[in-house]
Amino acid sequence: MQRISISNLLNDFMQAHCKELAAALILELINCFSQDPVVQHRTIQYSVDYLQEVMHV
């Protein structure tokens, strides 16, 4: 029951703030794929870490 509630809240949050999250991450990701694979991985991992941090707040 609680898992569904958390899922619903997270979905609501993403619906309300997905544009802001994308805008915040786009600058970091925009040139990612023209970089060395190590830099690509690190950039994507940082973005995932940021998203996880936001979801824990």
# chains A, B, ... in the order shown; residues from 1 in each chain; ligands from 1
call {"tool": "residues_around", "arguments": {"residues": "Val54 (chain A)", "least_positions_apart": "4", "cutoff": "12 Å", "atoms": "only C-alpha atoms", "output": "list of chain:residue names"}}
result
A:Leu10, A:Phe13, A:Met14, A:His17, A:Cys18, A:Glu20, A:Leu21, A:Ala24, A:Ser47, A:Val48, A:Asp49, A:Tyr50
call {"tool": "write_last_selection", "arguments": {"atoms": "all heavy atoms", "output": "mmCIF file, in the first residue's frame"}}
result
data_model
loop_
_atom_site.group_PDB
_atom_site.id
_atom_site.type_symbol
_atom_site.label_atom_id
_atom_site.label_comp_id
_atom_site.auth_asym_id
_atom_site.auth_seq_id
_atom_site.Cartn_x
_atom_site.Cartn_y
_atom_site.Cartn_z
ATOM 1 N N LEU A 10 5.589 10.319 -6.364
ATOM 2 C CA LEU A 10 6.722 10.549 -7.246
ATOM 3 C C LEU A 10 6.244 10.879 -8.658
ATOM 4 O O LEU A 10 6.773 11.782 -9.304
ATOM 5 C CB LEU A 10 7.630 9.323 -7.254
ATOM 6 C CG LEU A 10 8.944 9.454 -8.008
ATOM 7 C CD1 LEU A 10 9.731 10.654 -7.529
ATOM 8 C CD2 LEU A 10 9.757 8.189 -7.841
ATOM 9 N N PHE A 13 5.036 14.413 -8.631
ATOM 10 C CA PHE A 13 6.184 15.324 -8.595
ATOM 11 C C PHE A 13 6.804 15.455 -9.978
ATOM 12 O O PHE A 13 7.081 16.564 -10.437
ATOM 13 C CB PHE A 13 7.232 14.816 -7.592
ATOM 14 C CG PHE A 13 8.483 15.636 -7.599
ATOM 15 C CD1 PHE A 13 8.555 16.806 -6.867
ATOM 16 C CD2 PHE A 13 9.591 15.248 -8.338
ATOM 17 C CE1 PHE A 13 9.702 17.581 -6.868
ATOM 18 C CE2 PHE A 13 10.743 16.010 -8.352
ATOM 19 C CZ PHE A 13 10.797 17.175 -7.621
ATOM 20 N N MET A 14 7.017 14.335 -10.647
ATOM 21 C CA MET A 14 7.632 14.359 -11.964
ATOM 22 C C MET A 14 6.741 15.088 -12.968
ATOM 23 O O MET A 14 7.232 15.819 -13.812
ATOM 24 C CB MET A 14 7.949 12.948 -12.449
ATOM 25 C CG MET A 14 9.054 12.269 -11.646
ATOM 26 S SD MET A 14 10.608 13.182 -11.647
ATOM 27 C CE MET A 14 11.147 12.887 -13.315
ATOM 28 N N HIS A 17 7.202 18.809 -12.193
ATOM 29 C CA HIS A 17 8.530 19.422 -12.238
ATOM 30 C C HIS A 17 9.467 18.854 -13.299
ATOM 31 O O HIS A 17 10.657 19.180 -13.293
ATOM 32 C CB HIS A 17 9.202 19.289 -10.874
ATOM 33 C CG HIS A 17 8.430 19.940 -9.773
ATOM 34 N ND1 HIS A 17 8.338 21.302 -9.624
ATOM 35 C CD2 HIS A 17 7.676 19.408 -8.791
ATOM 36 C CE1 HIS A 17 7.569 21.581 -8.585
ATOM 37 N NE2 HIS A 17 7.152 20.457 -8.073
ATOM 38 N N CYS A 18 8.969 18.043 -14.213
ATOM 39 C CA CYS A 18 9.865 17.407 -15.175
ATOM 40 C C CYS A 18 10.569 18.424 -16.067
ATOM 41 O O CYS A 18 11.736 18.250 -16.395
ATOM 42 C CB CYS A 18 9.148 16.343 -15.990
ATOM 43 S SG CYS A 18 7.871 16.975 -17.081
ATOM 44 N N GLU A 20 11.514 21.468 -15.265
ATOM 45 C CA GLU A 20 12.568 22.104 -14.481
ATOM 46 C C GLU A 20 13.753 21.164 -14.300
ATOM 47 O O GLU A 20 14.915 21.579 -14.389
ATOM 48 C CB GLU A 20 12.042 22.550 -13.107
ATOM 49 C CG GLU A 20 11.074 23.704 -13.168
ATOM 50 C CD GLU A 20 9.627 23.286 -13.402
ATOM 51 O OE1 GLU A 20 9.364 22.093 -13.665
ATOM 52 O OE2 GLU A 20 8.757 24.159 -13.337
ATOM 53 N N LEU A 21 13.472 19.884 -14.044
ATOM 54 C CA LEU A 21 14.551 18.911 -13.899
ATOM 55 C C LEU A 21 15.320 18.757 -15.206
ATOM 56 O O LEU A 21 16.550 18.722 -15.212
ATOM 57 C CB LEU A 21 13.996 17.553 -13.457
ATOM 58 C CG LEU A 21 13.524 17.465 -12.015
ATOM 59 C CD1 LEU A 21 12.765 16.166 -11.789
ATOM 60 C CD2 LEU A 21 14.690 17.578 -11.071
ATOM 61 N N ALA A 24 17.534 21.755 -15.810
ATOM 62 C CA ALA A 24 18.701 21.767 -14.934
ATOM 63 C C ALA A 24 19.767 20.781 -15.405
ATOM 64 O O ALA A 24 20.961 21.051 -15.278
ATOM 65 C CB ALA A 24 18.284 21.439 -13.503
ATOM 66 N N SER A 47 24.231 12.964 -13.187
ATOM 67 C CA SER A 47 22.828 13.316 -13.414
ATOM 68 C C SER A 47 21.896 12.371 -12.670
ATOM 69 O O SER A 47 20.913 12.806 -12.060
ATOM 70 C CB SER A 47 22.520 13.301 -14.911
ATOM 71 O OG SER A 47 23.278 14.285 -15.560
ATOM 72 N N VAL A 48 22.194 11.094 -12.704
ATOM 73 C CA VAL A 48 21.396 10.115 -11.961
ATOM 74 C C VAL A 48 21.485 10.403 -10.470
ATOM 75 O O VAL A 48 20.476 10.376 -9.760
ATOM 76 C CB VAL A 48 21.859 8.671 -12.275
ATOM 77 C CG1 VAL A 48 21.232 7.669 -11.318
ATOM 78 C CG2 VAL A 48 21.536 8.315 -13.718
ATOM 79 N N ASP A 49 22.681 10.715 -9.984
ATOM 80 C CA ASP A 49 22.858 11.044 -8.559
ATOM 81 C C ASP A 49 22.020 12.262 -8.176
ATOM 82 O O ASP A 49 21.402 12.292 -7.108
ATOM 83 C CB ASP A 49 24.325 11.310 -8.238
ATOM 84 C CG ASP A 49 25.193 10.062 -8.340
ATOM 85 O OD1 ASP A 49 24.637 8.932 -8.378
ATOM 86 O OD2 ASP A 49 26.427 10.218 -8.411
ATOM 87 N N TYR A 50 22.009 13.293 -9.030
ATOM 88 C CA TYR A 50 21.211 14.487 -8.751
ATOM 89 C C TYR A 50 19.724 14.134 -8.657
ATOM 90 O O TYR A 50 19.023 14.584 -7.752
ATOM 91 C CB TYR A 50 21.400 15.551 -9.830
ATOM 92 C CG TYR A 50 22.791 16.121 -9.927
ATOM 93 C CD1 TYR A 50 23.307 16.510 -11.156
ATOM 94 C CD2 TYR A 50 23.600 16.275 -8.810
ATOM 95 C CE1 TYR A 50 24.576 17.027 -11.274
ATOM 96 C CE2 TYR A 50 24.884 16.784 -8.920
ATOM 97 C CZ TYR A 50 25.364 17.172 -10.152
ATOM 98 O OH TYR A 50 26.617 17.688 -10.271
#
call {"tool": "atom_distance", "arguments": {"atom1": "CA of Ile26 (chain A)", "atom2": "CA of Tyr46 (chain A)"}}
result
12.2 Å
call {"tool": "closest_residue", "arguments": {"among": "A:Pro37, A:Leu51, A:Ser5, A:Arg42", "to": "Leu25 (chain A)", "atoms": "only C-alpha atoms"}}
result
A:Leu51
